[in-house]
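Visitor: Pasting a structure below so you can have a look.
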Amino acid sequence: MDIDALLLNFLFILLPIFLTYMVFSLKPDLHRHLKTTIITIFSSLSIIMCMNYSIQLVEGFYYDLRVLPFTLTLLYAGHRVGFFVLIITAVYRFSIGGDGFVVTVILFLALFAGTALLVKKFEQSSLKGRLFIPPFIIVLFQLAVVFNYKYIFQHDFHFTFGEWVTIFSINILGMLFVTYIIELLMKITKIQEELVKTEKLKVVSELAASVSHEIKNPLTVTRSIIQLVMNQKDKIPEEKQQYYFEVAIEELERANRMLTDYMTLSKPQVDRIEPIDLSQEVIKTIHLITPLAKMKGIYVKMSVEKSGIIQGDKAKLHQCLLNLMKNGIEAMEEGGTLQVETWSKQSDCNIKIKDNGTGMNEAELKRLGTPYYSTKDGGTGLGMVVVYSLVKIMEGSIDIQSRPSEGTNVVLSFPTIIRTR
Ligand code: ADP
Ligand code: MG
């Protein structure tokens with residue numbers, strides 16, 4: 001058997017899978033149709049290249065691994081994509097010419113029909129089932145091919161039993177291997193998404209403590225005002241009463257605002273791209289983080305000017321800013337100032353988050369953003385992972401400068417879509 005061609009077949013199957021994974025993980029927000037198109041193109045290419053490197057085992061009997069990508073496309077991407085790929089494959093097979101076109105198409109139609117029946121079952125299966133179904137389909141298909149050649153075309157193969165075992169094994173083990181790789185890549189993608197959620201939950205629960213603490217103040221103030229006015233209604237002049245009520249309403253407003261901001265953050269993540277007024281969102285985040293800062297004796301200094309409209313996902317931006325501000329606050333155990341600044345330059349909006357805390361040396365700075373790297377008790381080491389990935393998704397950039405015992409300066413830039421100044 002031509003081992004080179006066989007290895008090339010495997011390469012043509014695995015390469016598109018890795019490429020698809022790369023594209024999808026670099027651009028997770030791609031539109032569904034675009035994703036489908038990419039899968040269709042890659043798997044068609046995969047099949048066509050496998051066909052180009054067929055191995056002639058005996059006169060008139062060609063062998064290659066095209067069934068693998070075809071079956072997997074059908075199972076993972078559904079019958080619509082599978083059908084498209086089938087058509088493209090058939091057209092290409094026709095253009096090569098030679099007899100066997102009709103046989104190939106009939107066999108593939110049978111494979112298509114048989115696999116389509118199993119798609120639902122496959123989707124609902126656990127990993128074990130998912131590893132079993134594709135090789136199972138391949139066995140049936142191989143039997144059909146052999147039957148077809150032997151009894152319908154009356155080919156005499158003269159293969160020994162050992163040779164049959166080899167052909168079947170390559171297909172079955174190959175299928176098992178490729179399916180396992182796909183499952184592995186899908187698992188990695190899932191874990192990455194989980195990471196983002198974990199960090200979010202952590203931030204939400206930590207803020208809940210400080211927000212609920214902070215909300216007590218306005219409520220207490222309002223309560224004592226109402227009590228005061230109620231008890232001494234006759235002794236307090238009218239305009240003084242008016243003033244007290246205004247203060248009470250203001251305090252309630254403040255509590256309301258705090259809760260609203262908090263709820264925006266804890267809302268389940270909606271992946272929605274929308275125009276965002278950057279400075280407005282930065283102010284919201286500062287409101288949200290201020291109680292936490294106060295609790296730790298840290299002064300939040302903000303200089304936020306109207307900076308322009310950027311494009312992205314609000315919930316994700318909040319998360320990103322919060323993680324950075326929280327890191328700044330946590331770096332200043334002995335108190336200090338957290339400085340937040342926004343400004344715009346020609347084509348981008350910038351945010352600076354600066355602390356005068358512990359800072360990091362070069363080695364630490366390099367490790368920043370590596371999953372689970374944390375120097376804190378109870379730290380997750382996911383905050384910066386989330387920040388980096390979100391900035392990337394929103395096509396922004398990040399620049400971090402830090403010096404041990406002096407502090408850290410983080411600057412984020414996002415492309416402006418509308419300028420507001
Ligand atoms: P966590 O905050 O859970 O530890 P992060 O990914 O947010 O995880 O941060 C990773 C590590 O990077 C922190 O443990 C800390 O050592 C360091 N770090 C991050 N931001 C700062 C900062 N502003 N100043 C000093 N060290 C920082
Ligand atoms: Mg953190």
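Starting from 1 in every chain, residues are counted up; chains themselves are A, B, ... following the order of the structure tokens, and ligands are numbered from 1 as listed.
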Which neighbours of Phe10 in chain A fall inside 12 Å, counting only C-alpha atoms, when residues of the same chain fewer than 6 positions from it are skipped, and could you give them as a count of residues only?
Guide: 24
Visitor: Quick one: residues within 9 Å of Thr36 in chain A, only C-alpha atoms counted, chain neighbours fewer than 4 positions away excluded, as a ChimeraX atom specification?
Guide: /A:31-32,40-41,77,81
Visitor: For chain A versus ligand 1, which residues have an atom no more than 10 Å away, and what is each residue's nearest atom pair and distance in Å rounded to one decimal, using only C-alpha atoms and all ligand atoms, chain-then-number order, as JSON lines?
Guide:
{"residue": "A:Glu199", "atom": "CA", "partner": "ligand 1", "partner_atom_place_in_ligand_line": "3 (O)", "distance": 8.1}
{"residue": "A:Lys202", "atom": "CA", "partner": "ligand 1", "partner_atom_place_in_ligand_line": "3 (O)", "distance": 9.2}
{"residue": "A:Val203", "atom": "CA", "partner": "ligand 1", "partner_atom_place_in_ligand_line": "3 (O)", "distance": 9.6}
{"residue": "A:Leu322", "atom": "CA", "partner": "ligand 1", "partner_atom_place_in_ligand_line": "7 (O)", "distance": 9.9}
{"residue": "A:Asn323", "atom": "CA", "partner": "ligand 1", "partner_atom_place_in_ligand_line": "7 (O)", "distance": 6.2}
{"residue": "A:Leu324", "atom": "CA", "partner": "ligand 1", "partner_atom_place_in_ligand_line": "20 (N)", "distance": 6.8}
{"residue": "A:Met325", "atom": "CA", "partner": "ligand 1", "partner_atom_place_in_ligand_line": "23 (N)", "distance": 7.7}
{"residue": "A:Lys326", "atom": "CA", "partner": "ligand 1", "partner_atom_place_in_ligand_line": "2 (O)", "distance": 7.5}
{"residue": "A:Asn327", "atom": "CA", "partner": "ligand 1", "partner_atom_place_in_ligand_line": "20 (N)", "distance": 4.5}
{"residue": "A:Gly328", "atom": "CA", "partner": "ligand 1", "partner_atom_place_in_ligand_line": "23 (N)", "distance": 4.0}
{"residue": "A:Ile329", "atom": "CA", "partner": "ligand 1", "partner_atom_place_in_ligand_line": "23 (N)", "distance": 7.4}
{"residue": "A:Glu330", "atom": "CA", "partner": "ligand 1", "partner_atom_place_in_ligand_line": "22 (C)", "distance": 7.4}
{"residue": "A:Ala331", "atom": "CA", "partner": "ligand 1", "partner_atom_place_in_ligand_line": "24 (N)", "distance": 4.7}
{"residue": "A:Met332", "atom": "CA", "partner": "ligand 1", "partner_atom_place_in_ligand_line": "24 (N)", "distance": 7.9}
{"residue": "A:Leu338", "atom": "CA", "partner": "ligand 1", "partner_atom_place_in_ligand_line": "23 (N)", "distance": 9.7}
{"residue": "A:Ile353", "atom": "CA", "partner": "ligand 1", "partner_atom_place_in_ligand_line": "23 (N)", "distance": 8.5}
{"residue": "A:Lys354", "atom": "CA", "partner": "ligand 1", "partner_atom_place_in_ligand_line": "23 (N)", "distance": 7.5}
{"residue": "A:Asp355", "atom": "CA", "partner": "ligand 1", "partner_atom_place_in_ligand_line": "23 (N)", "distance": 6.3}
{"residue": "A:Asn356", "atom": "CA", "partner": "ligand 1", "partner_atom_place_in_ligand_line": "24 (N)", "distance": 8.1}
{"residue": "A:Gly357", "atom": "CA", "partner": "ligand 1", "partner_atom_place_in_ligand_line": "24 (N)", "distance": 6.0}
{"residue": "A:Thr358", "atom": "CA", "partner": "ligand 1", "partner_atom_place_in_ligand_line": "25 (C)", "distance": 5.3}
{"residue": "A:Gly359", "atom": "CA", "partner": "ligand 1", "partner_atom_place_in_ligand_line": "25 (C)", "distance": 4.1}
{"residue": "A:Met360", "atom": "CA", "partner": "ligand 1", "partner_atom_place_in_ligand_line": "25 (C)", "distance": 5.3}
{"residue": "A:Asn361", "atom": "CA", "partner": "ligand 1", "partner_atom_place_in_ligand_line": "26 (N)", "distance": 9.0}
{"residue": "A:Glu364", "atom": "CA", "partner": "ligand 1", "partner_atom_place_in_ligand_line": "17 (C)", "distance": 7.2}
{"residue": "A:Leu365", "atom": "CA", "partner": "ligand 1", "partner_atom_place_in_ligand_line": "12 (O)", "distance": 7.5}
{"residue": "A:Lys366", "atom": "CA", "partner": "ligand 1", "partner_atom_place_in_ligand_line": "12 (O)", "distance": 9.6}
{"residue": "A:Arg367", "atom": "CA", "partner": "ligand 1", "partner_atom_place_in_ligand_line": "12 (O)", "distance": 7.7}
{"residue": "A:Leu368", "atom": "CA", "partner": "ligand 1", "partner_atom_place_in_ligand_line": "12 (O)", "distance": 5.2}
{"residue": "A:Gly369", "atom": "CA", "partner": "ligand 1", "partner_atom_place_in_ligand_line": "6 (O)", "distance": 5.6}
{"residue": "A:Thr370", "atom": "CA", "partner": "ligand 1", "partner_atom_place_in_ligand_line": "6 (O)", "distance": 7.4}
{"residue": "A:Pro371", "atom": "CA", "partner": "ligand 1", "partner_atom_place_in_ligand_line": "6 (O)", "distance": 7.2}
{"residue": "A:Tyr372", "atom": "CA", "partner": "ligand 1", "partner_atom_place_in_ligand_line": "8 (O)", "distance": 7.1}
{"residue": "A:Tyr373", "atom": "CA", "partner": "ligand 1", "partner_atom_place_in_ligand_line": "10 (C)", "distance": 5.5}
{"residue": "A:Ser374", "atom": "CA", "partner": "ligand 1", "partner_atom_place_in_ligand_line": "14 (O)", "distance": 3.4}
{"residue": "A:Thr375", "atom": "CA", "partner": "ligand 1", "partner_atom_place_in_ligand_line": "14 (O)", "distance": 3.9}
{"residue": "A:Lys376", "atom": "CA", "partner": "ligand 1", "partner_atom_place_in_ligand_line": "14 (O)", "distance": 5.0}
{"residue": "A:Asp377", "atom": "CA", "partner": "ligand 1", "partner_atom_place_in_ligand_line": "4 (O)", "distance": 8.0}
{"residue": "A:Gly378", "atom": "CA", "partner": "ligand 1", "partner_atom_place_in_ligand_line": "3 (O)", "distance": 7.2}
{"residue": "A:Gly379", "atom": "CA", "partner": "ligand 1", "partner_atom_place_in_ligand_line": "3 (O)", "distance": 3.5}
{"residue": "A:Thr380", "atom": "CA", "partner": "ligand 1", "partner_atom_place_in_ligand_line": "3 (O)", "distance": 3.8}
{"residue": "A:Gly381", "atom": "CA", "partner": "ligand 1", "partner_atom_place_in_ligand_line": "8 (O)", "distance": 3.2}
{"residue": "A:Leu382", "atom": "CA", "partner": "ligand 1", "partner_atom_place_in_ligand_line": "6 (O)", "distance": 4.4}
{"residue": "A:Gly383", "atom": "CA", "partner": "ligand 1", "partner_atom_place_in_ligand_line": "7 (O)", "distance": 3.6}
{"residue": "A:Met384", "atom": "CA", "partner": "ligand 1", "partner_atom_place_in_ligand_line": "6 (O)", "distance": 3.7}
{"residue": "A:Val385", "atom": "CA", "partner": "ligand 1", "partner_atom_place_in_ligand_line": "6 (O)", "distance": 5.9}
{"residue": "A:Val386", "atom": "CA", "partner": "ligand 1", "partner_atom_place_in_ligand_line": "6 (O)", "distance": 7.8}
{"residue": "A:Val387", "atom": "CA", "partner": "ligand 1", "partner_atom_place_in_ligand_line": "6 (O)", "distance": 8.2}
{"residue": "A:Tyr388", "atom": "CA", "partner": "ligand 1", "partner_atom_place_in_ligand_line": "6 (O)", "distance": 9.6}
{"residue": "A:Ile400", "atom": "CA", "partner": "ligand 1", "partner_atom_place_in_ligand_line": "23 (N)", "distance": 9.1}
{"residue": "A:Gln401", "atom": "CA", "partner": "ligand 1", "partner_atom_place_in_ligand_line": "23 (N)", "distance": 9.5}
{"residue": "A:Ser402", "atom": "CA", "partner": "ligand 1", "partner_atom_place_in_ligand_line": "24 (N)", "distance": 7.4}
{"residue": "A:Arg403", "atom": "CA", "partner": "ligand 1", "partner_atom_place_in_ligand_line": "25 (C)", "distance": 8.8}
{"residue": "A:Pro404", "atom": "CA", "partner": "ligand 1", "partner_atom_place_in_ligand_line": "25 (C)", "distance": 8.1}
{"residue": "A:Ser405", "atom": "CA", "partner": "ligand 1", "partner_atom_place_in_ligand_line": "25 (C)", "distance": 8.8}
{"residue": "A:Glu406", "atom": "CA", "partner": "ligand 1", "partner_atom_place_in_ligand_line": "24 (N)", "distance": 9.3}
{"residue": "A:Gly407", "atom": "CA", "partner": "ligand 1", "partner_atom_place_in_ligand_line": "24 (N)", "distance": 6.2}
{"residue": "A:Thr408", "atom": "CA", "partner": "ligand 1", "partner_atom_place_in_ligand_line": "23 (N)", "distance": 5.1}
{"residue": "A:Asn409", "atom": "CA", "partner": "ligand 1", "partner_atom_place_in_ligand_line": "23 (N)", "distance": 7.3}
{"residue": "A:Val410", "atom": "CA", "partner": "ligand 1", "partner_atom_place_in_ligand_line": "23 (N)", "distance": 7.8}
Visitor: From a DSSP pass on the backbone, collect the residues of range 136-278 of chain A flagged as helix (DSSP H, G or I) and hand them back as a ChimeraX atom specification.
Guide: /A:136-152,161-231,238-266,278
Visitor: Residues of range 208-299 of chain A classed as strand (DSSP E or B) by DSSP on the backbone are to be reported as a list in words.
Guide: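 Taking range 208-299 of chain A and keeping strand (DSSP E or B) gives Glu274, Pro275, Ile276, Asp277, Ile298 and Tyr299 of chain A.
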Visitor: What's the 12 Å shell around Arg223 in chain A, counting only C-alpha atoms, without same-chain residues fewer than 3 positions away, as an MDAnalysis selection string?
Guide: chainID A and resid 216:220 226:230 244:245 247:249 251:252
Visitor: What does the structure give for the distance between CA of Gln346 in chain A and CA of Ser303 in chain A, in Å to one decimal?
Guide: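 Going from CA of Gln346 in chain A over to CA of Ser303 in chain A, I get 19.1 Å.
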Visitor: Would you please work out which residue, of A:Ile88, A:Val105, A:Leu72, A:Ile418, is nearest to Leu131 in chain A when using only C-alpha atoms?
Guide: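 Checking each of A:Ile88, A:Val105, A:Leu72, A:Ile418 against Leu131 in chain A, counting only C-alpha atoms, the winner is A:Leu72.
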Visitor: A:Lys150, A:Arg80, A:Lys27, A:Lys35: which is nearest Phe61 in chain A, counting only C-alpha atoms?
Guide: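 Going through A:Lys150, A:Arg80, A:Lys27, A:Lys35 one by one, the smallest distance to Phe61 in chain A is for A:Lys150.
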Visitor: Find the residues near range 314-319 of chain A: any atom within 7 Å, counting only C-alpha atoms, skip ones fewer than 2 places away on the same chain, and give them as a list in words.
Guide: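 Counting only C-alpha atoms, the residues come to Lys200, Leu265, Gln269, Ile276, Thr285, Gly312, Leu321, Leu322, Asn323 and Leu390 of chain A.
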